[in-house]
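Below: coords.txt (compact mmCIF, C-alpha atoms and all ligand atoms)
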```
# COMPACT_ATOMS: atom_id res chain seq x y z
CA MET D 103 15.99 -36.92 -28.56
CA ALA D 104 12.30 -36.48 -29.44
CA GLU D 105 11.46 -33.61 -31.74
CA ARG D 106 10.02 -30.64 -29.95
CA PRO D 107 7.89 -27.77 -31.14
CA ILE D 108 9.99 -24.63 -31.59
CA GLU D 109 7.99 -22.56 -29.10
CA ALA D 110 8.74 -25.13 -26.37
CA MET D 111 12.46 -24.46 -26.78
CA PHE D 112 11.93 -20.76 -26.25
CA ARG D 113 9.61 -21.07 -23.30
CA HIS D 114 11.65 -22.90 -20.72
CA LYS D 115 14.73 -20.75 -20.76
CA LYS D 116 15.25 -21.30 -17.05
CA LEU D 117 14.94 -25.07 -17.19
CA LYS D 118 17.91 -27.17 -18.20
CA GLU D 119 17.12 -30.19 -20.31
CA GLU D 120 18.18 -32.59 -17.53
CA ASP D 121 15.89 -30.83 -15.05
CA ILE D 122 12.71 -31.31 -17.08
CA ALA D 123 10.34 -33.64 -15.23
CA ILE D 124 8.89 -36.15 -17.67
CA CYS D 125 5.96 -38.27 -16.53
CA GLU D 126 5.26 -41.83 -17.58
CA CYS D 127 1.61 -41.40 -18.49
CA LYS D 128 0.16 -43.22 -21.47
CA TYR D 129 -3.10 -41.82 -22.58
CA ASP D 130 -5.93 -44.08 -23.63
CA ALA D 131 -6.93 -43.23 -27.20
CA ASN D 132 -10.54 -44.09 -26.32
CA ASP D 133 -10.42 -41.76 -23.34
CA PRO D 134 -8.21 -38.78 -24.16
CA GLU D 135 -9.39 -37.08 -20.94
CA SER D 136 -7.32 -39.63 -19.02
CA ALA D 137 -4.03 -38.07 -20.16
CA CYS D 138 -2.02 -36.77 -17.19
CA GLY D 139 -4.77 -37.07 -14.60
CA GLU D 140 -4.39 -37.19 -10.84
CA ARG D 141 -1.99 -40.17 -10.96
CA CYS D 142 0.47 -38.41 -13.26
CA LEU D 143 3.89 -38.21 -11.54
CA ASN D 144 4.10 -34.51 -12.34
CA VAL D 145 0.60 -33.78 -11.01
CA LEU D 146 1.50 -35.61 -7.79
CA THR D 147 4.45 -33.23 -7.30
CA SER D 148 2.51 -30.08 -8.32
CA THR D 149 4.61 -29.69 -11.45
CA GLU D 150 3.17 -28.99 -14.87
CA CYS D 151 4.26 -31.11 -17.81
CA THR D 152 6.59 -29.45 -20.28
CA PRO D 153 5.20 -29.04 -23.79
CA GLY D 154 7.17 -31.11 -26.24
CA TYR D 155 8.30 -33.55 -23.54
CA CYS D 156 5.08 -35.02 -22.18
CA PRO D 157 4.34 -38.51 -23.57
CA CYS D 158 0.67 -37.52 -23.90
CA GLY D 159 1.55 -34.69 -26.28
CA ASP D 160 -1.37 -32.40 -27.07
CA TYR D 161 -3.70 -34.51 -24.92
CA CYS D 162 -1.81 -33.65 -21.74
CA LYS D 163 -4.22 -32.20 -19.16
CA ASN D 164 -1.44 -31.02 -16.92
CA GLN D 165 -0.65 -27.63 -18.42
CA ARG D 166 -3.44 -25.57 -16.87
CA PHE D 167 -1.33 -22.57 -15.85
CA GLN D 168 0.45 -22.53 -19.21
CA LYS D 169 -2.82 -22.70 -21.13
CA SER D 170 -4.63 -20.30 -18.75
CA GLU D 171 -7.41 -22.82 -18.17
CA TYR D 172 -9.32 -20.61 -15.78
CA ALA D 173 -12.85 -21.07 -14.47
CA LYS D 174 -15.37 -18.46 -15.63
CA THR D 175 -15.54 -15.66 -13.09
CA LYS D 176 -16.65 -12.05 -12.98
CA PHE D 177 -16.10 -9.21 -10.59
CA PHE D 178 -18.79 -7.39 -8.64
CA LYS D 179 -19.05 -4.66 -6.02
CA THR D 180 -19.26 -6.00 -2.46
CA GLU D 181 -20.56 -4.23 0.62
CA GLY D 182 -17.60 -2.75 2.43
CA ARG D 183 -14.88 -4.91 0.87
CA GLY D 184 -14.44 -3.16 -2.46
CA TRP D 185 -14.59 -5.37 -5.54
CA GLY D 186 -14.92 -9.13 -5.27
CA LEU D 187 -14.94 -12.08 -7.67
CA ILE D 188 -17.83 -14.52 -8.16
CA ALA D 189 -18.06 -17.85 -9.94
CA ASP D 190 -19.73 -17.43 -13.33
CA GLU D 191 -20.08 -21.20 -13.72
CA SER D 192 -20.15 -24.03 -11.23
CA ILE D 193 -16.71 -25.02 -10.04
CA LYS D 194 -15.73 -28.46 -8.76
CA ALA D 195 -13.78 -29.10 -5.55
CA GLY D 196 -10.05 -29.16 -6.39
CA GLN D 197 -10.50 -27.32 -9.69
CA PHE D 198 -7.93 -24.75 -10.76
CA VAL D 199 -9.78 -21.43 -10.69
CA ILE D 200 -7.25 -18.84 -11.78
CA GLU D 201 -3.58 -17.90 -11.48
CA TYR D 202 -2.56 -15.06 -9.17
CA CYS D 203 -0.56 -13.03 -11.68
CA GLY D 204 1.48 -9.90 -11.07
CA GLU D 205 4.98 -8.54 -10.93
CA VAL D 206 7.44 -10.81 -9.12
CA ILE D 207 9.52 -8.68 -6.74
CA SER D 208 12.03 -9.13 -3.91
CA SER D 209 11.09 -8.79 -0.24
CA GLU D 210 12.87 -5.40 -0.02
CA GLU D 211 10.94 -4.15 -3.03
CA ALA D 212 7.71 -5.52 -1.53
CA GLN D 213 8.33 -3.61 1.67
CA GLN D 214 9.11 -0.38 -0.18
CA ARG D 215 6.14 -0.69 -2.48
CA SER D 216 3.77 -1.56 0.35
CA GLN D 217 4.84 1.58 2.24
CA ALA D 218 4.60 3.70 -0.91
CA TYR D 219 1.09 2.41 -1.72
CA GLU D 220 0.00 3.17 1.82
CA ALA D 221 1.45 6.67 1.59
CA GLN D 222 -0.44 7.14 -1.68
CA GLY D 223 -3.63 6.26 0.17
CA LEU D 224 -4.23 2.92 -1.59
CA LYS D 225 -6.50 1.00 0.75
CA ASP D 226 -6.46 -2.32 -1.06
CA ALA D 227 -3.34 -4.46 -0.86
CA TYR D 228 -2.42 -6.79 -3.72
CA ILE D 229 1.00 -8.09 -2.67
CA ILE D 230 1.13 -11.76 -1.76
CA SER D 231 4.13 -13.85 -0.86
CA LEU D 232 5.57 -16.34 -3.31
CA ASN D 233 8.31 -17.74 -1.06
CA ALA D 234 10.52 -16.43 1.74
CA ASN D 235 12.31 -13.99 -0.61
CA SER D 236 9.86 -13.15 -3.39
CA TYR D 237 6.44 -11.59 -3.63
CA ILE D 238 3.82 -11.09 -6.33
CA ASP D 239 2.49 -7.56 -6.68
CA ALA D 240 -0.80 -7.38 -8.57
CA THR D 241 -1.39 -3.69 -7.82
CA ARG D 242 -0.53 -2.45 -11.30
CA LYS D 243 -0.55 -5.63 -13.37
CA GLY D 244 -2.47 -8.78 -12.63
CA SER D 245 -5.27 -11.18 -13.45
CA LEU D 246 -8.83 -11.17 -12.10
CA ALA D 247 -7.43 -13.10 -9.10
CA ARG D 248 -6.45 -9.72 -7.66
CA PHE D 249 -10.15 -9.13 -6.92
CA ILE D 250 -10.57 -12.21 -4.75
CA ASN D 251 -11.28 -11.16 -1.19
CA HIS D 252 -10.25 -12.82 2.05
CA SER D 253 -12.45 -15.07 4.16
CA CYS D 254 -11.62 -16.80 7.43
CA GLU D 255 -13.80 -19.70 6.19
CA PRO D 256 -12.93 -19.70 2.50
CA ASN D 257 -14.13 -21.79 -0.44
CA CYS D 258 -10.77 -21.50 -2.23
CA GLU D 259 -7.10 -21.80 -1.34
CA THR D 260 -3.77 -20.87 -2.86
CA ARG D 261 -1.41 -23.59 -4.05
CA LYS D 262 2.08 -23.38 -5.44
CA TRP D 263 2.90 -25.11 -8.68
CA THR D 264 6.14 -25.44 -10.57
CA ILE D 265 5.76 -24.34 -14.17
CA LEU D 266 8.76 -24.71 -16.48
CA GLY D 267 11.06 -24.48 -13.46
CA GLU D 268 9.35 -21.51 -11.84
CA ILE D 269 7.01 -21.40 -8.86
CA ARG D 270 3.62 -19.85 -9.56
CA VAL D 271 0.55 -19.36 -7.37
CA GLY D 272 -2.88 -20.63 -8.32
CA ILE D 273 -6.26 -20.28 -6.66
CA PHE D 274 -7.98 -23.66 -6.33
CA ALA D 275 -11.51 -24.54 -5.17
CA LYS D 276 -11.61 -26.21 -1.74
CA GLN D 277 -15.19 -27.34 -2.30
CA ASP D 278 -17.87 -27.37 -4.98
CA ILE D 279 -18.83 -23.78 -5.69
CA TYR D 280 -22.17 -22.77 -7.22
CA VAL D 281 -22.60 -20.12 -9.91
CA GLY D 282 -22.91 -16.66 -8.36
CA THR D 283 -21.00 -17.55 -5.16
CA GLU D 284 -18.25 -15.19 -4.10
CA LEU D 285 -14.78 -16.71 -4.26
CA ALA D 286 -12.50 -16.19 -1.27
CA TYR D 287 -9.30 -17.60 0.14
CA ASP D 288 -7.54 -17.17 3.46
CA TYR D 289 -4.93 -14.41 3.13
CA ASN D 290 -3.08 -15.53 6.22
CA PHE D 291 0.12 -16.90 4.79
CA GLU D 292 0.22 -14.62 1.81
CA TRP D 293 -0.82 -11.30 3.33
CA TYR D 294 1.52 -8.40 2.87
CA GLY D 295 -0.87 -5.52 3.58
CA GLY D 296 0.74 -2.63 5.38
CA ALA D 297 -2.17 -1.37 7.47
CA ASN D 298 -4.17 -3.57 9.81
CA VAL D 299 -7.53 -3.99 8.18
CA ARG D 300 -10.60 -5.10 10.06
CA CYS D 301 -11.90 -8.30 8.45
CA LEU D 302 -15.49 -8.10 7.24
CA CYS D 303 -15.79 -11.69 6.01
CA GLY D 304 -18.58 -12.39 8.49
CA ALA D 305 -17.42 -15.94 9.29
CA PRO D 306 -18.33 -17.12 12.81
CA LYS D 307 -14.66 -17.84 13.56
CA CYS D 308 -13.36 -14.64 11.96
CA SER D 309 -9.83 -13.73 13.15
CA LYS D 310 -10.77 -10.01 13.10
CA PHE D 311 -7.91 -8.79 10.89
CA LEU D 312 -6.79 -9.57 7.38
CA GLY D 313 -3.76 -11.82 7.57
CA ALA D 314 -3.87 -11.87 11.39
CA LYS D 315 -1.80 -15.06 11.41
CA SER D 316 0.57 -14.10 8.62
CA PRO D 317 4.31 -13.81 9.34
CA ALA D 318 4.21 -10.16 8.22
CA PHE D 319 1.36 -9.35 10.60
CA LEU D 320 3.01 -11.14 13.51
CA GLU D 321 6.29 -9.43 12.77
CA HIS D 322 4.70 -6.00 12.88
CA ASN D 323 2.38 -6.65 15.77
CA HIS D 324 4.50 -9.09 17.75
CA VAL D 325 3.17 -12.35 19.03
CA TRP D 326 -0.52 -12.08 19.74
CA GLU D 327 -1.12 -14.71 22.34
CA GLU D 328 -4.22 -15.66 24.22
CA GLY D 329 -4.25 -14.03 27.64
CA ASP D 330 -1.50 -11.57 26.67
CA ASP D 331 -3.08 -8.16 26.92
CA ARG D 332 -0.07 -6.29 25.53
CA TYR D 333 -1.28 -7.16 22.09
CA THR D 334 -5.04 -6.84 22.40
CA VAL D 335 -6.87 -5.47 19.42
CA GLU D 336 -7.51 -2.13 21.15
CA GLU D 337 -3.83 -1.34 20.94
CA ILE D 338 -3.44 -2.05 17.24
CA PRO D 339 -4.06 0.96 14.97
CA LEU D 340 -6.21 0.01 12.03
CA TYR D 341 -8.46 1.30 9.37
CA ASP D 342 -11.83 -0.07 8.52
CA SER D 343 -12.04 -0.88 4.84
CA ALA D 344 -15.74 0.01 4.92
CA GLU D 345 -15.69 3.42 6.52
CA ASP D 346 -11.98 4.24 6.89
CA GLU D 347 -12.46 4.79 10.59
CA PRO D 348 -9.20 5.51 12.34
CA SER D 349 -9.88 3.25 15.30
CA LEU D 350 -12.04 0.45 16.57
CA MET D 351 -13.03 -0.29 20.14
CA VAL D 352 -13.55 -3.97 20.69
CA PRO D 353 -15.08 -5.14 23.99
CA LYS D 354 -12.37 -6.36 26.31
CA ASP D 355 -12.22 -9.92 27.41
CA LYS D 356 -13.33 -9.85 31.04
CA SER D 357 -11.53 -13.01 31.95
CA SER D 358 -8.01 -11.99 30.95
CA PHE D 359 -5.41 -10.77 33.43
CA ARG D 360 -3.41 -7.53 33.17
CA HIS D 361 -0.12 -8.71 34.60
CA GLU D 362 2.13 -5.80 33.68
CA PHE D 363 0.29 -3.33 35.92
CA LEU D 364 0.15 -5.74 38.76
CA ALA D 365 3.75 -6.83 38.67
CA ARG D 366 5.20 -3.37 38.23
CA GLY D 367 2.79 -1.53 40.53
CA LYS D 368 3.11 1.60 38.40
CA ASN D 369 0.44 3.64 40.16
CA ASP D 370 -0.96 3.87 43.63
CA SER D 371 -4.55 3.07 42.93
CA PRO D 372 -5.83 -0.46 43.26
CA VAL D 373 -5.30 -2.46 40.11
CA VAL D 374 -8.18 -4.14 38.33
CA ILE D 375 -7.44 -7.66 37.21
CA GLY D 376 -9.60 -9.13 34.52
CA GLY D 377 -11.88 -6.20 33.74
CA SER D 378 -11.57 -3.05 31.73
CA ALA D 379 -10.00 -0.27 33.79
CA GLY D 380 -12.70 1.89 35.31
CA SER D 381 -15.40 -0.75 35.02
CA GLU D 382 -17.22 -1.83 38.19
CA PRO D 383 -15.76 -4.98 39.68
CA ARG D 384 -18.50 -7.46 40.45
CA LEU D 385 -18.36 -9.85 43.39
CA GLY D 386 -18.21 -13.46 42.31
CA SER D 387 -17.48 -12.60 38.68
CA HIS D 388 -14.02 -13.14 37.13
CA VAL D 389 -12.97 -9.71 38.35
CA ALA D 390 -10.77 -8.94 41.32
CA VAL D 391 -9.37 -5.72 42.72
CA VAL D 392 -5.98 -5.94 44.38
CA GLU D 393 -3.46 -3.59 45.85
CA PRO D 394 -0.49 -2.33 43.80
CA LEU D 395 2.51 -4.57 44.12
CA HIS D 396 4.52 -2.41 46.49
CA SER D 397 1.85 -2.72 49.16
CA PHE D 398 2.44 -6.47 49.41
CA SER D 399 5.12 -7.96 51.61
CA ALA D 400 8.65 -8.02 50.16
CA GLY D 401 8.54 -11.82 49.84
CA VAL D 402 5.32 -11.75 47.82
CA ALA D 403 6.50 -8.89 45.61
CA ASN D 404 9.85 -10.61 44.97
CA ASP D 405 8.20 -13.87 44.07
CA ILE D 406 5.94 -12.19 41.50
CA VAL D 407 8.66 -9.95 40.05
CA LYS D 408 11.07 -12.89 39.79
CA THR D 409 8.58 -15.10 37.97
CA GLU D 410 7.61 -12.22 35.71
CA GLU D 411 11.26 -11.58 34.79
CA ILE D 412 11.69 -15.27 33.95
CA LYS D 413 8.53 -15.04 31.85
CA PHE D 414 9.90 -12.06 29.86
CA LEU D 415 13.24 -13.78 29.40
CA ALA D 416 11.55 -16.95 28.14
CA ALA D 417 9.40 -14.89 25.75
CA SER D 418 12.42 -13.10 24.34
CA LYS D 419 14.33 -16.40 23.92
CA LEU D 420 11.35 -17.84 22.10
CA ASN D 421 11.12 -14.77 19.86
CA SER D 422 14.78 -14.94 18.90
CA SER D 423 14.67 -18.67 18.18
CA TYR D 424 11.48 -18.11 16.16
CA ASP D 425 13.47 -15.81 13.86
CA ASP D 426 15.79 -18.73 13.11
CA ILE D 427 13.05 -21.19 12.38
CA ARG D 428 10.53 -18.88 10.71
CA PRO D 429 11.77 -19.28 7.09
CA ALA D 430 11.57 -23.06 7.48
CA ILE D 431 8.08 -22.90 9.01
CA GLU D 432 6.84 -20.59 6.27
CA GLU D 433 8.25 -22.84 3.60
CA HIS D 434 6.71 -25.88 5.29
CA GLU D 435 3.28 -24.26 5.61
CA ARG D 436 3.25 -23.15 2.01
CA ASP D 437 4.69 -26.16 0.27
CA SER D 438 4.17 -28.92 2.85
CA GLN D 439 7.84 -29.78 2.55
CA ASP D 440 9.58 -31.38 5.47
CA ASN D 441 12.65 -29.20 5.25
CA VAL D 442 12.71 -27.85 8.80
CA ASP D 443 16.22 -27.88 10.23
CA ILE D 444 16.08 -30.31 13.16
CA SER D 445 18.39 -28.39 15.50
CA ALA D 446 16.47 -25.12 14.93
CA ALA D 447 13.23 -27.03 15.52
CA MET D 448 14.54 -28.54 18.76
CA THR D 449 15.69 -25.13 20.03
CA TRP D 450 12.32 -23.68 19.16
CA ILE D 451 10.38 -26.48 20.86
CA GLY D 452 12.61 -26.13 23.94
CA ALA D 453 12.03 -22.36 24.03
CA SER D 454 8.26 -22.88 23.62
CA CYS D 455 8.18 -25.30 26.56
CA SER D 456 10.24 -22.93 28.74
CA LYS D 457 7.89 -20.10 27.91
CA LEU D 458 4.81 -22.18 28.75
CA LYS D 459 6.37 -23.14 32.06
CA ALA D 460 7.38 -19.53 32.83
CA ASP D 461 3.85 -18.33 32.00
CA PHE D 462 2.40 -20.97 34.25
CA ASP D 463 4.77 -20.14 37.12
CA PHE D 464 3.95 -16.45 36.83
CA HIS D 465 0.19 -17.05 36.84
CA PHE D 466 0.58 -19.48 39.69
CA SER D 467 2.55 -16.97 41.73
CA ILE D 468 -0.24 -14.40 41.31
CA VAL D 469 -2.91 -16.90 42.27
CA LYS D 470 -0.84 -18.17 45.20
CA ASN D 471 0.23 -14.78 46.54
CA VAL D 472 -2.52 -12.38 45.54
CA VAL D 473 -5.76 -14.01 44.56
CA CYS D 474 -5.67 -16.83 47.10
CA PRO D 475 -3.08 -15.91 49.74
CA PRO D 476 -2.52 -18.44 52.53
CA PRO D 477 -4.88 -17.87 55.51
CA ALA D 478 -2.01 -16.64 57.72
CA GLN D 479 -1.46 -13.65 55.44
CA ALA D 480 -3.89 -10.93 56.53
CA PRO D 481 -5.43 -8.87 53.73
CA SER D 482 -4.28 -5.27 53.52
CA SER D 483 -6.34 -2.43 55.00
CA ALA D 484 -7.56 -1.23 51.62
CA ALA D 485 -9.13 -4.55 50.71
CA LYS D 486 -10.86 -7.30 52.57
CA TYR D 487 -10.92 -10.93 51.63
CA SER D 488 -14.23 -12.10 50.29
CA GLU D 489 -15.50 -15.40 51.58
CA GLU D 490 -17.65 -15.72 48.50
CA ALA D 491 -16.16 -18.27 46.15
CA ASP D 492 -16.69 -18.28 42.44
CA ASN D 493 -19.06 -21.11 41.58
CA GLU D 494 -17.14 -22.23 38.53
CA THR D 495 -13.56 -22.02 39.71
CA GLY D 496 -13.87 -22.18 43.47
CA MET D 497 -11.48 -19.20 43.63
CA LYS D 498 -11.90 -16.38 46.10
CA TYR D 499 -11.41 -12.75 45.21
CA LEU D 500 -10.33 -9.59 46.99
CA THR D 501 -13.05 -6.97 46.96
CA HIS D 502 -13.56 -3.49 48.37
C1 LIG X 1 -6.46 -8.41 -3.15
S1 LIG X 1 -7.51 -7.10 -2.79
C2 LIG X 1 -9.10 -7.79 -3.08
C3 LIG X 1 -9.91 -6.94 -4.02
C4 LIG X 1 -10.36 -5.64 -3.47
N1 LIG X 1 -11.57 -5.84 -2.69
C5 LIG X 1 -10.58 -4.59 -4.54
O1 LIG X 1 -11.58 -3.89 -4.52
O2 LIG X 1 -9.72 -4.46 -5.41
C6 LIG X 1 -7.36 -7.05 -1.03
C7 LIG X 1 -8.08 -5.90 -0.39
O3 LIG X 1 -9.49 -6.09 -0.39
C8 LIG X 1 -10.05 -5.72 0.87
N2 LIG X 1 -10.56 -6.93 1.52
C9 LIG X 1 -10.41 -8.19 1.09
N3 LIG X 1 -11.01 -9.07 1.90
C10 LIG X 1 -11.54 -8.36 2.89
C11 LIG X 1 -12.27 -8.70 4.07
N4 LIG X 1 -12.57 -9.96 4.39
N5 LIG X 1 -12.64 -7.70 4.90
C12 LIG X 1 -12.34 -6.42 4.62
N6 LIG X 1 -11.67 -6.03 3.50
C13 LIG X 1 -11.26 -6.98 2.65
C14 LIG X 1 -8.92 -5.10 1.67
O4 LIG X 1 -8.93 -3.72 1.47
C15 LIG X 1 -7.69 -5.72 1.03
O5 LIG X 1 -6.56 -4.89 1.16
```

Can the structure from this file be put into structure tokens for me?
Ligand SMILES: C[S@@+](CC[C@H](N)C(=O)[O-])C[C@H]1O[C@@H](n2cnc3c(N)ncnc32)[C@H](O)[C@@H]1O
Amino acid sequence: MAERPIEAMFRHKKLKEEDIAICECKYDANDPESACGERCLNVLTSTECTPGYCPCGDYCKNQRFQKSEYAKTKFFKTEGRGWGLIADESIKAGQFVIEYCGEVISSEEAQQRSQAYEAQGLKDAYIISLNANSYIDATRKGSLARFINHSCEPNCETRKWTILGEIRVGIFAKQDIYVGTELAYDYNFEWYGGANVRCLCGAPKCSKFLGAKSPAFLEHNHVWEEGDDRYTVEEIPLYDSAEDEPSLMVPKDKSSFRHEFLARGKNDSPVVIGGSAGSEPRLGSHVAVVEPLHSFSAGVANDIVKTEEIKFLAASKLNSSYDDIRPAIEEHERDSQDNVDISAAMTWIGASCSKLKADFDFHFSIVKNVVCPPPAQAPSSAAKYSEEADNETGMKYLTH
């Protein structure tokens, strides 16, 4: 066995000798920079070489986490987003910027701490996910990486690396970054903030909330689907990191339907479809006023209620199968590993298709029965059928 420096023996306590990944690199004495470059077997598997075992010895370039080879950065005060981190030297695309350091904790501990920090009034969240069961909390201990803000169009990204048998998270540049540019990554898969925070990244395709696509956010706010008004932003309590406002009113999407009111016919007044309640319906726009469900014929009402029930059932089946597949999806998204259990994936795909079909059937039943009823069906007394067709869709709407 090759002789190893003493400190190497102490450092990989968790790694058994037979588990140490040893590359086959041979460094060129005339070009020491070539040692363990991008073709190194360990680099290709996002694993750092183990000191004392790498054939390139001290020339090995693949020990950046272990040697804290960070880019030069400094923190600064942003407008509305607290502290941020900027590049203090130019950074190349793909370069390791800094490690996200902190306390490694379990998911139960992460949940407890996140609630406790919120109760203490801490507005900034520093817990990110490491894998399905562990999190890194940089609230009390961490590197400068804790100051990196979120952007929906970021110049950096997180990547997982295996260092001496342990997974660690690094921030890497996605593109060349000039000196003085703010560093940002997308919090989506790592976000473990308790409160819903309005995103102030300013990107044209901003998703409005920090971590809006993260498993934790979806779990707390349910599935936020296009056209599903149960989960519109108006209904999500949030605080604004800039002004700590308790609520935010976002203009409603005029083209989305409000099925629940229609299908259940909860009140007697006409129901507005596709406009904010109380707003003036406009003829020929994507706004229609219809009667509550109970004022339609029994056949029409039954058809809509039946398709809506199927829709809810399909949604709940999809949700429960998502719970089974979620750990695999998370793992896959983080580590790009193809370890998704095929039967769970098939169930999930099946449930997704059933839900799509149920959604379609429900929408179709509204269009068929309410928005465009067959000519034989006379409109009710409270509404008359407008002959004016929408230019874009050709659909006709009920109006006062
Ligand atoms: C990991 S910390 C980042 C550093 C933080 N700005 C500070 O002052 O310590 C994450 C917190 O920063 C704030 N933040 C980060 N990105 C943001 C963004 N795009 N919009 C609004 N607030 C943001 C949020 O309060 C979030 O909880």

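Between CA of Glu411 (chain D) and CA of Met448 (chain D) the separation is 23.6 Å.
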
Find the nearest atom pair between each residue of chain D and ligand LIG 1 (chain X) for residues within 6 Å, count only C-alpha atoms and all ligand atoms, give distances in Å to one decimal, sort rows by chain and ascending number, and present the table as JSON lines.
```
{"residue": "D:Arg183", "atom": "CA", "partner": "X:LIG1", "partner_atom": "N6", "distance": 4.3}
{"residue": "D:Gly184", "atom": "CA", "partner": "X:LIG1", "partner_atom": "O1", "distance": 3.6}
{"residue": "D:Trp185", "atom": "CA", "partner": "X:LIG1", "partner_atom": "O1", "distance": 3.5}
{"residue": "D:Gly186", "atom": "CA", "partner": "X:LIG1", "partner_atom": "N1", "distance": 5.4}
{"residue": "D:Lys225", "atom": "CA", "partner": "X:LIG1", "partner_atom": "O4", "distance": 5.4}
{"residue": "D:Asp226", "atom": "CA", "partner": "X:LIG1", "partner_atom": "O5", "distance": 3.4}
{"residue": "D:Ala227", "atom": "CA", "partner": "X:LIG1", "partner_atom": "O5", "distance": 3.8}
{"residue": "D:Tyr228", "atom": "CA", "partner": "X:LIG1", "partner_atom": "C1", "distance": 4.4}
{"residue": "D:Arg248", "atom": "CA", "partner": "X:LIG1", "partner_atom": "C1", "distance": 4.7}
{"residue": "D:Phe249", "atom": "CA", "partner": "X:LIG1", "partner_atom": "C3", "distance": 3.6}
{"residue": "D:Ile250", "atom": "CA", "partner": "X:LIG1", "partner_atom": "C2", "distance": 4.9}
{"residue": "D:Asn251", "atom": "CA", "partner": "X:LIG1", "partner_atom": "N3", "distance": 3.7}
{"residue": "D:His252", "atom": "CA", "partner": "X:LIG1", "partner_atom": "N3", "distance": 3.8}
{"residue": "D:Ser253", "atom": "CA", "partner": "X:LIG1", "partner_atom": "N4", "distance": 5.1}
{"residue": "D:Arg300", "atom": "CA", "partner": "X:LIG1", "partner_atom": "C12", "distance": 5.9}
{"residue": "D:Cys301", "atom": "CA", "partner": "X:LIG1", "partner_atom": "N5", "distance": 3.7}
{"residue": "D:Leu302", "atom": "CA", "partner": "X:LIG1", "partner_atom": "N5", "distance": 3.7}
{"residue": "D:Cys303", "atom": "CA", "partner": "X:LIG1", "partner_atom": "N4", "distance": 4.0}
{"residue": "D:Ser343", "atom": "CA", "partner": "X:LIG1", "partner_atom": "N6", "distance": 5.3}
```

Between region 218-247 of chain D and region 258-263 of chain D, at 12 Å or less, what are the per-residue closest atom pairs and their distances in Å? Count all atoms listed in the file, order by chain and rising residue number, and return it as CSV.
```
residue,atom,partner,partner_atom,distance
D:Ile230,CA,D:Thr260,CA,10.4
D:Ser231,CA,D:Thr260,CA,10.8
D:Leu232,CA,D:Lys262,CA,8.1
D:Asn233,CA,D:Lys262,CA,9.5
D:Ala247,CA,D:Thr260,CA,10.6
```

Nearby residues (all atoms listed in the file) at most 10 Å from region 212-217 of chain D, same-chain spacing under 4 positions excluded, as an MDAnalysis selection string: chainID D and resid 206:208 221:224 227:231 235:239 241 294:297

Top pick for closest residue to Glu150 (chain D), considering D:Asp133, D:Ser170, D:Asn164, D:Tyr289 and counting all atoms listed in the file: D:Asn164

Contacts of Tyr161 (chain D) at 12 Å (only C-alpha atoms; same-chain gap of 3+ positions) as a list of chain:residue names: D:Cys127, D:Lys128, D:Tyr129, D:Asp130, D:Ala131, D:Asn132, D:Asp133, D:Pro134, D:Glu135, D:Ser136, D:Ala137, D:Cys138, D:Gly139, D:Cys151, D:Pro153, D:Gly154, D:Cys156, D:Pro157, D:Cys158, D:Asn164, D:Gln165

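Here CA of Ile122 (chain D) is placed at a distance of 25.4 Å from CA of Val199 (chain D).
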
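The closest residue to Leu143 (chain D), picked from D:Cys254, D:Tyr155, D:Ala123, D:Trp450 and counting only C-alpha atoms, is D:Ala123.
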
Emit as JSON the padded axis-aligned box for all listed atoms of region 225-244 of chain D, 4 Å per side, with centre and edge lengths in Å to one decimal.
```
{"center_x": 2.9, "center_y": -8.4, "center_z": -5.8, "size_x": 26.8, "size_y": 26.7, "size_z": 23.1}
```

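Counting all atoms listed in the file, the residue from D:Leu415, D:Cys125, D:Val271, D:Val472 that sits nearest to Gly401 (chain D) is D:Val472.
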
Polymer residues at most 9 Å from Pro306 (chain D), all atoms listed in the file, same-chain spacing of 2 or more positions, as a PyMOL selection string: chain D and resi 254-255+304+308

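Reported to one decimal place, the separation of CA of Glu210 (chain D) from CA of Phe167 (chain D) is 27.3 Å.
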